[in-house]
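final.cif (mmCIF, C-alpha atoms) appears below.
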data_structure
loop_
_atom_site.label_atom_id
_atom_site.label_comp_id
_atom_site.auth_asym_id
_atom_site.auth_seq_id
_atom_site.Cartn_x
_atom_site.Cartn_y
_atom_site.Cartn_z
CA MET A 229 -1.16 -25.83 8.87
CA LEU A 230 0.90 -28.66 10.39
CA LEU A 231 2.16 -30.13 7.11
CA PRO A 232 3.45 -26.81 5.69
CA SER A 233 5.20 -26.12 9.01
CA LEU A 234 6.87 -29.52 8.99
CA ASN A 235 7.99 -29.06 5.39
CA TYR A 236 9.41 -25.64 6.27
CA TYR A 237 11.40 -26.88 9.26
CA ARG A 238 12.70 -29.89 7.35
CA ARG A 239 13.99 -27.61 4.62
CA ILE A 240 15.53 -25.15 7.10
CA VAL A 241 17.25 -27.89 9.09
CA SER A 242 18.59 -29.37 5.86
CA ALA A 243 19.99 -26.03 4.72
CA TYR A 244 21.48 -24.95 8.06
CA LEU A 245 22.68 -28.17 9.64
CA THR A 246 23.49 -30.83 7.05
CA GLY A 247 26.22 -28.96 5.16
CA GLY A 248 26.85 -28.90 1.44
CA GLN A 249 25.51 -26.40 -1.05
CA SER A 250 22.27 -24.55 -0.25
CA HIS A 251 20.86 -21.08 -0.86
CA LEU A 252 22.75 -19.98 2.27
CA THR A 253 26.03 -20.68 0.47
CA PHE A 254 25.27 -17.68 -1.70
CA TRP A 255 23.51 -15.31 0.69
CA HIS A 256 25.82 -15.50 3.69
CA GLU A 257 28.87 -13.81 2.24
CA THR A 258 30.46 -11.55 4.86
CA PRO A 259 28.96 -8.08 4.20
CA GLU A 260 31.70 -5.68 3.11
CA GLN A 261 31.59 -2.09 1.91
CA ASN A 262 33.33 -1.37 -1.39
CA LEU A 263 35.49 1.68 -0.75
CA ASN A 264 36.31 1.90 -4.48
CA ALA A 265 32.70 2.89 -5.20
CA ASP A 266 32.28 6.60 -5.89
CA PRO A 267 28.98 8.00 -4.54
CA ALA A 268 28.96 10.68 -7.24
CA GLU A 269 29.63 8.43 -10.22
CA LEU A 270 28.13 5.22 -11.59
CA GLY A 271 31.08 2.87 -11.17
CA GLU A 272 31.78 -0.12 -8.96
CA TYR A 273 28.85 -1.25 -6.81
CA TYR A 274 28.70 -0.19 -3.18
CA MET A 275 29.34 -3.67 -1.76
CA LEU A 276 32.08 -6.00 -2.96
CA PHE A 277 30.11 -9.23 -3.63
CA ALA A 278 33.46 -10.90 -4.40
CA GLU A 279 32.48 -14.29 -3.00
CA LYS A 280 29.17 -14.09 -4.85
CA ALA A 281 31.03 -13.41 -8.09
CA ASN A 282 32.88 -16.69 -7.50
CA TYR A 283 29.77 -18.63 -6.45
CA GLY A 284 30.57 -22.31 -6.18
CA GLY A 285 27.02 -23.62 -6.40
CA ALA A 286 24.76 -24.64 -9.26
CA TYR A 287 24.52 -22.96 -12.66
CA ASP A 288 22.24 -23.71 -15.57
CA SER A 289 23.60 -24.76 -18.95
CA THR A 290 24.08 -21.14 -20.02
CA GLY A 291 25.98 -20.04 -16.90
CA ILE A 292 23.17 -18.43 -14.89
CA PRO A 293 23.52 -19.19 -11.15
CA GLN A 294 20.79 -21.12 -9.37
CA LEU A 295 20.16 -21.51 -5.64
CA ASP A 296 19.31 -24.81 -3.95
CA TYR A 297 16.63 -24.17 -1.35
CA ARG A 298 16.40 -27.86 -0.47
CA GLY A 299 13.13 -29.62 0.29
CA ARG A 300 10.15 -29.11 -2.00
CA ILE A 301 11.51 -25.85 -3.39
CA GLY A 302 14.78 -27.27 -4.65
CA ARG A 303 16.94 -25.51 -7.23
CA GLN A 304 15.60 -22.17 -8.46
CA TYR A 305 16.47 -18.97 -10.29
CA ASN A 306 16.43 -16.02 -7.88
CA PRO A 307 16.58 -12.61 -9.64
CA ILE A 308 18.16 -10.98 -6.59
CA ALA A 309 20.99 -13.52 -6.44
CA ILE A 310 21.47 -13.35 -10.19
CA ALA A 311 21.81 -9.55 -10.07
CA GLN A 312 24.25 -9.70 -7.14
CA TYR A 313 26.36 -12.29 -8.95
CA GLY A 314 26.48 -9.95 -11.93
CA LEU A 315 27.36 -6.91 -9.82
CA GLY A 316 30.19 -8.84 -8.16
CA ASN A 317 31.59 -9.77 -11.55
CA TYR A 318 31.27 -6.15 -12.67
CA ASN A 319 33.33 -5.01 -9.67
CA LEU A 320 36.04 -7.57 -10.46
CA PHE A 321 36.05 -6.58 -14.13
CA ARG A 322 36.49 -2.90 -13.24
CA ARG A 323 39.44 -3.79 -11.01
CA SER A 324 41.19 -6.34 -13.22
CA GLY A 325 40.08 -5.66 -16.78
CA ASP A 326 39.38 -9.39 -17.07
CA ALA A 327 37.23 -9.84 -20.20
CA SER A 328 35.64 -13.02 -18.82
CA ARG A 329 34.26 -11.03 -15.88
CA ARG A 330 32.81 -8.47 -18.27
CA ASN A 331 31.21 -11.22 -20.32
CA ARG A 332 29.58 -12.76 -17.24
CA PHE A 333 28.28 -9.35 -16.17
CA LEU A 334 26.74 -8.63 -19.57
CA HIS A 335 25.34 -12.17 -19.78
CA ILE A 336 23.48 -11.47 -16.53
CA ALA A 337 22.28 -8.13 -17.92
CA ASP A 338 20.89 -9.95 -20.97
CA TRP A 339 19.13 -12.46 -18.71
CA LEU A 340 17.53 -9.64 -16.75
CA VAL A 341 16.30 -7.95 -19.93
CA GLN A 342 14.84 -11.23 -21.20
CA HIS A 343 13.10 -12.07 -17.91
CA LEU A 344 11.55 -8.69 -17.14
CA GLU A 345 7.84 -9.35 -17.59
CA PRO A 346 4.47 -7.75 -16.81
CA ASN A 347 2.68 -8.60 -13.57
CA ALA A 348 -1.10 -8.75 -13.21
CA HIS A 349 -1.22 -4.92 -13.26
CA GLY A 350 0.98 -4.62 -16.34
CA LEU A 351 4.08 -3.40 -14.48
CA ALA A 352 7.49 -4.79 -15.46
CA VAL A 353 8.92 -7.02 -12.72
CA TRP A 354 11.34 -9.86 -12.12
CA ASN A 355 9.31 -12.77 -10.82
CA HIS A 356 10.25 -15.55 -8.44
CA TYR A 357 8.72 -18.82 -9.62
CA PHE A 358 8.58 -20.69 -6.32
CA ASP A 359 6.43 -20.41 -3.21
CA TRP A 360 8.23 -18.87 -0.27
CA GLU A 361 7.37 -19.30 3.42
CA TYR A 362 7.07 -15.96 5.13
CA ARG A 363 4.42 -14.49 7.45
CA ASP A 364 2.00 -15.15 4.61
CA THR A 365 3.26 -17.68 2.08
CA LEU A 366 4.28 -15.85 -1.07
CA ARG A 367 2.70 -17.75 -3.96
CA ALA A 368 4.54 -17.95 -7.26
CA PRO A 369 4.97 -15.82 -9.18
CA TRP A 370 5.91 -13.09 -6.73
CA TYR A 371 8.07 -9.98 -7.10
CA SER A 372 10.10 -7.82 -4.77
CA ALA A 373 11.39 -4.26 -4.44
CA LEU A 374 14.77 -5.78 -3.64
CA ALA A 375 14.89 -7.61 -6.98
CA GLN A 376 13.71 -4.46 -8.78
CA GLY A 377 16.40 -2.32 -7.18
CA GLN A 378 19.30 -4.73 -7.69
CA GLY A 379 18.24 -5.41 -11.27
CA ILE A 380 18.19 -1.67 -12.02
CA SER A 381 21.62 -1.23 -10.40
CA LEU A 382 23.05 -3.85 -12.74
CA LEU A 383 21.26 -2.71 -15.89
CA VAL A 384 22.31 0.93 -15.70
CA ARG A 385 25.93 -0.22 -15.33
CA ALA A 386 25.49 -2.49 -18.34
CA TYR A 387 24.19 0.52 -20.27
CA LYS A 388 27.17 2.61 -19.23
CA GLU A 389 29.63 -0.16 -20.06
CA SER A 390 28.18 -1.26 -23.40
CA GLY A 391 26.01 1.61 -24.61
CA GLY A 392 23.21 -0.87 -25.28
CA SER A 393 19.93 1.06 -25.13
CA ARG A 394 17.96 -2.12 -24.29
CA TYR A 395 19.59 -2.11 -20.85
CA LEU A 396 18.50 1.43 -20.02
CA ASP A 397 15.04 0.79 -21.45
CA ALA A 398 14.61 -2.26 -19.19
CA ALA A 399 15.85 -0.31 -16.16
CA GLN A 400 13.35 2.46 -16.92
CA ARG A 401 10.48 -0.03 -17.17
CA ALA A 402 11.51 -1.71 -13.90
CA LEU A 403 11.70 1.65 -12.12
CA VAL A 404 7.99 2.33 -12.73
CA SER A 405 7.14 -0.19 -9.99
CA PHE A 406 8.71 2.15 -7.41
CA PHE A 407 6.21 4.86 -8.25
CA LYS A 408 3.20 2.56 -7.91
CA PRO A 409 1.61 1.38 -4.64
CA VAL A 410 1.62 -2.30 -3.74
CA THR A 411 -2.16 -2.28 -4.17
CA GLY A 412 -1.62 -1.34 -7.82
CA GLY A 413 1.06 -3.90 -8.59
CA GLY A 414 3.99 -1.76 -7.49
CA VAL A 415 6.49 -2.16 -4.66
CA ALA A 416 5.90 1.13 -2.78
CA PHE A 417 3.88 1.66 0.39
CA THR A 418 3.14 5.07 1.87
CA ASP A 419 2.41 5.01 5.60
CA GLU A 420 0.16 7.29 7.65
CA GLN A 421 3.05 9.73 8.23
CA GLY A 422 3.60 10.06 4.49
CA ASP A 423 6.84 8.07 4.51
CA ILE A 424 7.46 5.82 1.50
CA TRP A 425 8.70 2.25 1.84
CA PHE A 426 10.00 -0.16 -0.78
CA GLU A 427 8.74 -3.61 0.20
CA GLU A 428 10.99 -6.63 -0.17
CA TYR A 429 7.98 -8.89 0.40
CA VAL A 430 4.62 -7.59 -0.75
CA VAL A 431 2.26 -8.57 2.07
CA SER A 432 -0.53 -6.80 3.94
CA PRO A 433 0.07 -5.26 6.40
CA PRO A 434 3.60 -4.48 5.19
CA THR A 435 6.67 -5.44 7.21
CA HIS A 436 9.26 -2.89 6.01
CA ILE A 437 12.30 -5.20 5.87
CA LEU A 438 15.26 -2.92 6.52
CA ASN A 439 17.98 -4.44 4.34
CA GLY A 440 15.61 -4.87 1.39
CA PHE A 441 14.42 -1.28 1.63
CA ILE A 442 17.97 0.09 1.58
CA TRP A 443 19.18 -2.12 -1.27
CA ALA A 444 16.08 -1.21 -3.28
CA ALA A 445 16.73 2.49 -2.68
CA TRP A 446 20.23 2.09 -4.13
CA GLY A 447 18.59 1.01 -7.39
CA VAL A 448 16.71 4.31 -7.52
CA TYR A 449 19.92 6.17 -6.71
CA ASP A 450 21.82 4.37 -9.48
CA TYR A 451 19.11 5.20 -12.00
CA LEU A 452 19.47 8.83 -10.89
CA LEU A 453 23.24 8.71 -11.46
CA ALA A 454 22.74 7.19 -14.91
CA THR A 455 20.02 9.57 -16.12
CA ARG A 456 19.84 12.62 -13.80
CA ASP A 457 16.10 12.00 -13.83
CA SER A 458 14.34 14.48 -11.52
CA SER A 459 11.58 12.05 -10.50
CA ALA A 460 14.18 9.48 -9.42
CA GLN A 461 15.97 12.20 -7.47
CA GLU A 462 12.77 13.11 -5.64
CA LEU A 463 11.96 9.46 -4.95
CA PHE A 464 15.39 8.75 -3.50
CA ALA A 465 15.13 11.86 -1.32
CA ARG A 466 11.84 10.53 0.05
CA ALA A 467 13.46 7.17 0.79
CA VAL A 468 16.29 8.89 2.65
CA GLN A 469 13.73 10.80 4.71
CA THR A 470 11.91 7.56 5.51
CA LEU A 471 15.11 5.94 6.74
CA ARG A 472 16.17 8.97 8.76
CA ARG A 473 12.78 9.31 10.46
CA ASN A 474 12.24 5.61 11.16
CA LEU A 475 15.69 4.17 11.82
CA ASP A 476 15.33 4.37 15.61
CA ARG A 477 12.37 1.99 15.36
CA TYR A 478 14.86 -0.71 14.33
CA ASP A 479 17.04 -0.24 17.43
CA LEU A 480 16.22 -2.49 20.39
CA GLY A 481 18.95 -0.98 22.55
CA PHE A 482 21.04 -4.15 22.21
CA TRP A 483 20.57 -5.22 18.57
CA SER A 484 18.87 -4.25 15.32
CA LEU A 485 15.51 -5.46 14.04
CA TYR A 486 15.16 -7.27 10.72
CA GLU A 487 11.73 -5.77 10.04
CA GLN A 488 8.67 -4.17 11.60
CA SER A 489 6.84 -7.48 12.04
CA GLY A 490 3.95 -6.10 14.10
CA THR A 491 4.16 -9.16 16.34
CA ARG A 492 4.32 -9.09 20.12
CA LEU A 493 7.81 -10.56 19.97
CA PRO A 494 9.93 -8.51 17.53
CA MET A 495 11.87 -10.10 14.69
CA VAL A 496 15.48 -9.52 15.65
CA ALA A 497 18.10 -9.57 12.90
CA SER A 498 20.41 -12.55 12.66
CA PRO A 499 24.14 -11.81 13.17
CA PHE A 500 24.54 -11.78 9.37
CA TYR A 501 21.74 -9.25 8.83
CA HIS A 502 22.87 -7.13 11.77
CA GLN A 503 26.29 -6.79 10.13
CA LEU A 504 24.64 -6.13 6.77
CA HIS A 505 22.62 -3.29 8.32
CA ILE A 506 25.83 -1.71 9.60
CA VAL A 507 27.50 -1.87 6.19
CA GLN A 508 24.39 -0.55 4.44
CA LEU A 509 24.14 2.41 6.81
CA ARG A 510 27.78 3.28 6.23
CA VAL A 511 27.12 3.25 2.50
CA MET A 512 24.03 5.41 3.00
CA HIS A 513 26.16 7.90 4.89
CA ARG A 514 28.54 8.05 1.92
CA LEU A 515 25.67 8.51 -0.54
CA THR A 516 23.80 11.17 1.43
CA GLY A 517 26.11 12.74 4.01
CA GLU A 518 23.48 12.08 6.70
CA ASP A 519 25.44 11.85 9.97
CA LYS A 520 22.67 9.90 11.68
CA PHE A 521 23.34 6.89 9.49
CA MET A 522 26.98 6.77 10.61
CA ARG A 523 26.07 7.28 14.28
CA VAL A 524 23.61 4.40 14.24
CA ALA A 525 26.06 2.17 12.36
CA ASP A 526 28.70 2.87 15.02
CA ARG A 527 26.24 2.11 17.81
CA TRP A 528 25.09 -1.13 16.22
CA GLU A 529 28.70 -2.16 15.73
CA THR A 530 29.28 -1.82 19.48
CA TYR A 531 26.28 -4.11 20.07
CA GLY A 532 27.96 -6.79 17.97
CA ARG A 533 31.12 -6.67 20.07
CA SER A 534 29.21 -7.54 23.26
CA ARG A 535 28.88 -11.24 24.00
CA SER A 536 25.87 -10.68 26.25
CA LYS A 537 24.08 -8.65 23.57
CA ARG A 538 24.86 -11.29 20.93
CA THR A 539 23.46 -14.00 23.19
CA ARG A 540 20.36 -11.98 23.96
CA ALA A 541 19.75 -11.35 20.28
CA LEU A 542 20.14 -15.05 19.47
CA CYS A 543 17.57 -15.97 22.13
CA TYR A 544 15.08 -13.44 20.74
CA LYS A 545 15.69 -14.65 17.20
CA SER A 546 15.21 -18.30 18.12
CA ALA A 547 12.02 -17.59 20.03
CA PHE A 548 10.60 -15.58 17.14
CA LYS A 549 11.31 -18.38 14.65
CA LEU A 550 9.59 -20.92 16.87
CA CYS A 551 6.55 -18.72 17.51
CA TYR A 552 6.03 -17.06 14.13
CA TYR A 553 8.03 -17.57 10.92
#
What does this structure look like when you write it as structure tokens?
Amino acid sequence: MLLPSLNYYRRIVSAYLTGGQSHLTFWHETPEQNLNADPAELGEYYMLFAEKANYGGAYDSTGIPQLDYRGRIGRQYNPIAIAQYGLGNYNLFRRSGDASRRNRFLHIADWLVQHLEPNAHGLAVWNHYFDWEYRDTLRAPWYSALAQGQGISLLVRAYKESGGSRYLDAAQRALVSFFKPVTGGGVAFTDEQGDIWFEEYVVSPPTHILNGFIWAAWGVYDYLLATRDSSAQELFARAVQTLRRNLDRYDLGFWSLYEQSGTRLPMVASPFYHQLHIVQLRVMHRLTGEDKFMRVADRWETYGRSRSKRTRALCYKSAFKLCYY
């Protein structure tokens, strides 16, 4: 256990403290709602992703972005990052009409179609081909509800923009994973109360990562906008119910939780993820009209303006990282 822990901390220290390009260069864009997005129409994506569209890190020889995780993991393709890069370029294309942005967006759509592959249960997923340190180490290849949702959000827009049926077909195949339990190769978990969760990391017991659940749900919503499919409509309604009924579990009274870790010390969100939660809840309010999502977003925003609450959250977060993962 000691050697993996040392490798993990070496990689984290390298990414956070030594500067230069790392996976954090891509992920830690300031979360920002896209007010041009229309909740009733499949148009611009709900977050801007402008910095991600102009990613200054590594690309492969064909123009697909890669993330540098440092250490033993090194440079990798991450389907989530690739989809977000594509969605950012789509937003910029819709605003500017720049053909190069459209080409990048469709190039990403083609990559997603080509790399959608069956998992051990025969379900179509986007795999990550590197081990990832989490509560339980995720062994390659592993898949994620977050990747499934973001990939679908991009592909249905590619279908609308180009009319290419291969994009909608791939989105439809990827959506199947949302209707299957994690025990059957899917990304859905139904708890004892009957609430459905889309799991960013498929582990047992599940951890219900908040940002990943919401982003994944947007993929279901976008498929609904593209197709008016009744099963997608029902699934999204269940996801909204899950969020409405469980959101208070993520409120510590001074900060938001990243996940339901099940540990004695809770996993508090970092400042970046706390802000992301706020933006995501504001988007969810626009998509659903649920006032609770706006109320909680407003409350969590007040937490972020308090220096004492920010300090308290940082102490909790640091202690959790040292004790757990």
For the structure shown, which residues end up in the PyMOL selection byres ((chain A and resi 371) around 9)? Put them as a PDB file with C-alpha atoms, keeping the file's coordinate frame, please?
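Output saved as out.pdb:
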ATOM      1  CA  ASN A 347       2.680  -8.600 -13.570  1.00  0.00           C
ATOM      2  CA  VAL A 353       8.920  -7.020 -12.720  1.00  0.00           C
ATOM      3  CA  TRP A 354      11.340  -9.860 -12.120  1.00  0.00           C
ATOM      4  CA  ASN A 355       9.310 -12.770 -10.820  1.00  0.00           C
ATOM      5  CA  HIS A 356      10.250 -15.550  -8.440  1.00  0.00           C
ATOM      6  CA  ALA A 368       4.540 -17.950  -7.260  1.00  0.00           C
ATOM      7  CA  PRO A 369       4.970 -15.820  -9.180  1.00  0.00           C
ATOM      8  CA  TRP A 370       5.910 -13.090  -6.730  1.00  0.00           C
ATOM      9  CA  SER A 372      10.100  -7.820  -4.770  1.00  0.00           C
ATOM     10  CA  ALA A 373      11.390  -4.260  -4.440  1.00  0.00           C
ATOM     11  CA  LEU A 374      14.770  -5.780  -3.640  1.00  0.00           C
ATOM     12  CA  ALA A 375      14.890  -7.610  -6.980  1.00  0.00           C
ATOM     13  CA  GLN A 376      13.710  -4.460  -8.780  1.00  0.00           C
ATOM     14  CA  VAL A 415       6.490  -2.160  -4.660  1.00  0.00           C
ATOM     15  CA  GLU A 428      10.990  -6.630  -0.170  1.00  0.00           C
ATOM     16  CA  TYR A 429       7.980  -8.890   0.400  1.00  0.00           C
ATOM     17  CA  VAL A 430       4.620  -7.590  -0.750  1.00  0.00           C
TER      18      VAL A 430
END
Report as a count of residues only the full result of the PyMOL selection byres ((chain A and resi 304) around 6) when it is applied to this structure. 4
Starting from the displayed file, determine the output of the PyMOL selection byres ((chain A and resi 274-282) around 7) and express the residue list as a PDB file with C-alpha atoms, in the frame of the given file.
ATOM      1  CA  PHE A 254      25.270 -17.680  -1.700  1.00  0.00           C
ATOM      2  CA  GLU A 257      28.870 -13.810   2.240  1.00  0.00           C
ATOM      3  CA  GLU A 260      31.700  -5.680   3.110  1.00  0.00           C
ATOM      4  CA  GLN A 261      31.590  -2.090   1.910  1.00  0.00           C
ATOM      5  CA  ASN A 262      33.330  -1.370  -1.390  1.00  0.00           C
ATOM      6  CA  ALA A 265      32.700   2.890  -5.200  1.00  0.00           C
ATOM      7  CA  GLU A 272      31.780  -0.120  -8.960  1.00  0.00           C
ATOM      8  CA  TYR A 273      28.850  -1.250  -6.810  1.00  0.00           C
ATOM      9  CA  TYR A 283      29.770 -18.630  -6.450  1.00  0.00           C
ATOM     10  CA  GLY A 284      30.570 -22.310  -6.180  1.00  0.00           C
ATOM     11  CA  GLN A 312      24.250  -9.700  -7.140  1.00  0.00           C
ATOM     12  CA  TYR A 313      26.360 -12.290  -8.950  1.00  0.00           C
ATOM     13  CA  GLY A 314      26.480  -9.950 -11.930  1.00  0.00           C
ATOM     14  CA  GLY A 316      30.190  -8.840  -8.160  1.00  0.00           C
ATOM     15  CA  ASN A 317      31.590  -9.770 -11.550  1.00  0.00           C
ATOM     16  CA  ASN A 319      33.330  -5.010  -9.670  1.00  0.00           C
ATOM     17  CA  VAL A 511      27.120   3.250   2.500  1.00  0.00           C
TER      18      VAL A 511
END
Return the single residue from A:Cys543, A:Gly517, A:Ile310, A:Asp457 that is closest to Asp288 (chain A), with distances computed using only C-alpha atoms. A:Ile310
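Put simply, CA of Arg323 (chain A) is 22.5 Å away from CA of Trp443 (chain A).
CA of Leu515 (chain A) sits 5.2 Å away from CA of Pro267 (chain A).
Remark: for Asp419 (chain A), the closest of the candidate residues A:Pro433, A:Gln342, A:Arg330, A:Ala348 is A:Pro433 (distances computed over all atoms listed in the file).
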For Asn264 (chain A), the closest of A:Gln249, A:Ile424, A:Arg322, A:Pro499 counting all atoms listed in the file is A:Arg322
Fewer than 2 positions away in the same chain doesn't count, so skip those; otherwise give me all residues within 12 Å of Phe407 (chain A), counting only C-alpha atoms, as JSON, numbers by chain. {"A": [351, 373, 376, 400, 401, 402, 403, 404, 405, 409, 410, 411, 412, 413, 414, 415, 416, 417, 418, 424, 425, 426, 448, 459, 460, 462, 463, 464, 466, 467]}
Exercise: Leu480 (chain A) partners within 10 Å, all atoms listed in the file, chain neighbours under 4 positions left out, as a PDB file with C-alpha atoms, in the frame of the given file:
ATOM      1  CA  ASP A 476      15.330   4.370  15.610  1.00  0.00           C
ATOM      2  CA  SER A 484      18.870  -4.250  15.320  1.00  0.00           C
ATOM      3  CA  LEU A 485      15.510  -5.460  14.040  1.00  0.00           C
ATOM      4  CA  PRO A 494       9.930  -8.510  17.530  1.00  0.00           C
ATOM      5  CA  VAL A 496      15.480  -9.520  15.650  1.00  0.00           C
ATOM      6  CA  TRP A 528      25.090  -1.130  16.220  1.00  0.00           C
ATOM      7  CA  ALA A 541      19.750 -11.350  20.280  1.00  0.00           C
TER       8      ALA A 541
END
With 10 Å as the threshold, what does the neighbourhood of (22.5, -3.6, 8.3) contain in terms of residues, counting only C-alpha atoms? Coordinates are those of the file; answer as a compact mmCIF listing (two decimals) with C-alpha atoms, in the coordinates of the input.
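Okay, this is what ended up in point33.txt:
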# COMPACT_ATOMS: atom_id res chain seq x y z
CA PRO A 259 28.96 -8.08 4.20
CA LEU A 438 15.26 -2.92 6.52
CA ASN A 439 17.98 -4.44 4.34
CA GLY A 440 15.61 -4.87 1.39
CA ILE A 442 17.97 0.09 1.58
CA SER A 484 18.87 -4.25 15.32
CA LEU A 485 15.51 -5.46 14.04
CA TYR A 486 15.16 -7.27 10.72
CA ALA A 497 18.10 -9.57 12.90
CA PRO A 499 24.14 -11.81 13.17
CA PHE A 500 24.54 -11.78 9.37
CA TYR A 501 21.74 -9.25 8.83
CA HIS A 502 22.87 -7.13 11.77
CA GLN A 503 26.29 -6.79 10.13
CA LEU A 504 24.64 -6.13 6.77
CA HIS A 505 22.62 -3.29 8.32
CA ILE A 506 25.83 -1.71 9.60
CA VAL A 507 27.50 -1.87 6.19
CA GLN A 508 24.39 -0.55 4.44
CA LEU A 509 24.14 2.41 6.81
CA ARG A 510 27.78 3.28 6.23
CA ALA A 525 26.06 2.17 12.36
CA TRP A 528 25.09 -1.13 16.22
CA GLU A 529 28.70 -2.16 15.73
Pairwise distance for CA of Trp255 (chain A) and CA of Tyr362 (chain A), rounded to one decimal in Å: 17.0 Å
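The closest residue to Cys551 (chain A), picked from A:Ala311, A:Ala399, A:Arg332, A:Leu493 and counting all atoms listed in the file, is A:Leu493.
Ranking A:Gly299, A:Val384, A:Trp483, A:Thr258 by their shortest atom-to-atom distance to Thr530 (chain A), with all atoms listed in the file included, puts A:Trp483 first.
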Would you please work out which residue, of A:Tyr395, A:Phe482, A:Trp360, A:Phe333, is nearest to Gly532 (chain A) when using all atoms listed in the file? A:Phe482
Which polymer residues, protein or nucleic acid, are no farther than 6 Å from (13.3, -5.4, -23.6), counting only C-alpha atoms, as a CSV table (one decimal) with C-alpha atoms, in the frame of the given file?
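Contents of out.csv, as written:
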chain,number,residue,atom,x,y,z
A,341,VAL,CA,16.3,-8.0,-19.9
A,394,ARG,CA,18.0,-2.1,-24.3
A,398,ALA,CA,14.6,-2.3,-19.2
